[in-house]
Amino acid sequence: MPDGTDAQFGWNGVGTLQLQSVQVAGVDARDANNATVTLLARSADKWFRLAVPVYAKNSALVISGRPALLPPPTKAALPQEGVKDRDTALEGELKPFLGTFFGAYAHGDQAALSRFSDGTAIGGLADAVQFVQVNDVVAPKGPAGERTVTATVTWQVPGSGAAGNGGELAQSYQLAMVKKGTTWYVRDIRGSTEPSTS
């Protein structure tokens, strides 16, 4: 949505640039209406940032000027600390439970998901992927009735191959778990911030 003064955003119209990936890397609000949205983009296997000036008012948005190409951010070093005191007994107990949970999560069936929840609403993936397996569960030692665990799950993504099967994608989730009686329930699910171990 250019502002109308430069529909090409400074491009002279020669050649092409094809993006392989683009994602929002940050928003820097300058005042109530003006901001710079920084995108992280990949083209021809090279990363760069694109700072895009925007003007917003009354739920409307316009690109207010020419974007600026910036170098990609530097790569951060992950801390080498892992979970020191793991509750391996709980990990073994939760793995089959989470296998059944993530199967329901893949379908997004609210009736099935409500059986795994402690009363909080949990959305699902509405068959966007198929559940393959729970690869790993990491549970730190902690209180008997509450625990935050990390589960790595493999999904099969839709594909267009001869068999109609796509590739597999491993994803990590952080789950807030609560125990009522002898049963564990999922209170919350979100993406994990824990570094991948494999």
# chains A, B, ... in the order shown; residues from 1 in each chain; ligands from 1
>>> residues_around(residues="A:Gln156", least_positions_apart="6", cutoff="9 Å", atoms="only C-alpha atoms", output="ChimeraX atom specification")
/A:129-132,165-170
>>> residues_around(residues="A:Val137", least_positions_apart="4", cutoff="7 Å", atoms="only C-alpha atoms", output="CSV table (one decimal) with N, CA, C and O atoms, in the first residue's frame")
chain,number,residue,atom,x,y,z
A,91,GLU,N,8.5,-37.6,32.8
A,91,GLU,CA,8.6,-37.6,31.4
A,91,GLU,C,8.0,-38.8,30.7
A,91,GLU,O,7.3,-38.8,29.8
A,95,LYS,N,4.6,-38.8,28.3
A,95,LYS,CA,4.8,-39.1,26.8
A,95,LYS,C,3.6,-39.7,26.2
A,95,LYS,O,3.1,-39.2,25.2
A,149,VAL,N,6.4,-28.2,31.0
A,149,VAL,CA,7.3,-29.2,30.3
A,149,VAL,C,7.4,-28.8,28.9
A,149,VAL,O,6.6,-28.0,28.3
A,150,THR,N,8.5,-29.3,28.2
A,150,THR,CA,8.7,-29.0,26.8
A,150,THR,C,8.5,-30.4,26.1
A,150,THR,O,9.1,-31.4,26.5
A,151,ALA,N,7.8,-30.3,25.0
A,151,ALA,CA,7.5,-31.5,24.2
A,151,ALA,C,7.9,-31.2,22.7
A,151,ALA,O,7.6,-30.2,22.2
A,152,THR,N,8.7,-32.1,22.2
A,152,THR,CA,9.1,-32.0,20.7
A,152,THR,C,8.2,-33.0,20.0
A,152,THR,O,8.1,-34.2,20.3
>>> residues_around(residues="A:Ser192", least_positions_apart="3", cutoff="8 Å", atoms="only C-alpha atoms", output="PyMOL selection string")
chain A and resi 150+172-174
>>> residues_around(residues="stretch 34-44 of chain A", least_positions_apart="5", cutoff="8 Å", atoms="only C-alpha atoms", output="PyMOL selection string")
chain A and resi 17-29+49-56+72
>>> decode(residues="stretch 27-38 of chain A", atoms="N, CA, C and O atoms", output="PDB file, in the first residue's frame")
ATOM      1  N   VAL A  27       8.948  -3.748  15.347  1.00  0.00           N
ATOM      2  CA  VAL A  27       8.195  -2.525  15.063  1.00  0.00           C
ATOM      3  C   VAL A  27       8.726  -1.444  15.998  1.00  0.00           C
ATOM      4  O   VAL A  27       8.770  -1.628  17.207  1.00  0.00           O
ATOM      5  N   ASP A  28       9.126  -0.313  15.410  1.00  0.00           N
ATOM      6  CA  ASP A  28       9.631   0.818  16.176  1.00  0.00           C
ATOM      7  C   ASP A  28       8.640   1.970  16.021  1.00  0.00           C
ATOM      8  O   ASP A  28       8.639   2.669  14.995  1.00  0.00           O
ATOM      9  N   ALA A  29       7.766   2.157  17.016  1.00  0.00           N
ATOM     10  CA  ALA A  29       6.766   3.226  16.966  1.00  0.00           C
ATOM     11  C   ALA A  29       7.455   4.555  17.253  1.00  0.00           C
ATOM     12  O   ALA A  29       8.075   4.728  18.292  1.00  0.00           O
ATOM     13  N   ARG A  30       7.325   5.488  16.331  1.00  0.00           N
ATOM     14  CA  ARG A  30       7.957   6.807  16.489  1.00  0.00           C
ATOM     15  C   ARG A  30       7.031   7.790  17.206  1.00  0.00           C
ATOM     16  O   ARG A  30       7.479   8.646  17.944  1.00  0.00           O
ATOM     17  N   ASP A  31       5.722   7.675  16.932  1.00  0.00           N
ATOM     18  CA  ASP A  31       4.715   8.476  17.612  1.00  0.00           C
ATOM     19  C   ASP A  31       3.392   7.744  17.480  1.00  0.00           C
ATOM     20  O   ASP A  31       3.368   6.565  17.104  1.00  0.00           O
ATOM     21  N   ALA A  32       2.291   8.405  17.735  1.00  0.00           N
ATOM     22  CA  ALA A  32       0.981   7.742  17.735  1.00  0.00           C
ATOM     23  C   ALA A  32       0.590   7.213  16.363  1.00  0.00           C
ATOM     24  O   ALA A  32      -0.225   6.292  16.263  1.00  0.00           O
ATOM     25  N   ASN A  33       1.165   7.762  15.281  1.00  0.00           N
ATOM     26  CA  ASN A  33       0.756   7.353  13.937  1.00  0.00           C
ATOM     27  C   ASN A  33       1.872   6.789  13.068  1.00  0.00           C
ATOM     28  O   ASN A  33       1.594   6.127  12.074  1.00  0.00           O
ATOM     29  N   ASN A  34       3.112   7.075  13.395  1.00  0.00           N
ATOM     30  CA  ASN A  34       4.226   6.684  12.534  1.00  0.00           C
ATOM     31  C   ASN A  34       5.095   5.613  13.184  1.00  0.00           C
ATOM     32  O   ASN A  34       5.362   5.672  14.384  1.00  0.00           O
ATOM     33  N   ALA A  35       5.530   4.667  12.360  1.00  0.00           N
ATOM     34  CA  ALA A  35       6.394   3.589  12.848  1.00  0.00           C
ATOM     35  C   ALA A  35       7.253   3.086  11.706  1.00  0.00           C
ATOM     36  O   ALA A  35       6.977   3.343  10.530  1.00  0.00           O
ATOM     37  N   THR A  36       8.283   2.363  12.078  1.00  0.00           N
ATOM     38  CA  THR A  36       9.079   1.628  11.106  1.00  0.00           C
ATOM     39  C   THR A  36       8.921   0.152  11.412  1.00  0.00           C
ATOM     40  O   THR A  36       9.192  -0.294  12.538  1.00  0.00           O
ATOM     41  N   VAL A  37       8.447  -0.595  10.421  1.00  0.00           N
ATOM     42  CA  VAL A  37       8.307  -2.046  10.550  1.00  0.00           C
ATOM     43  C   VAL A  37       9.528  -2.667   9.898  1.00  0.00           C
ATOM     44  O   VAL A  37       9.812  -2.410   8.724  1.00  0.00           O
ATOM     45  N   THR A  38      10.284  -3.449  10.651  1.00  0.00           N
ATOM     46  CA  THR A  38      11.477  -4.091  10.115  1.00  0.00           C
ATOM     47  C   THR A  38      11.155  -5.531   9.769  1.00  0.00           C
ATOM     48  O   THR A  38      10.646  -6.292  10.598  1.00  0.00           O
TER      49      THR A  38
END
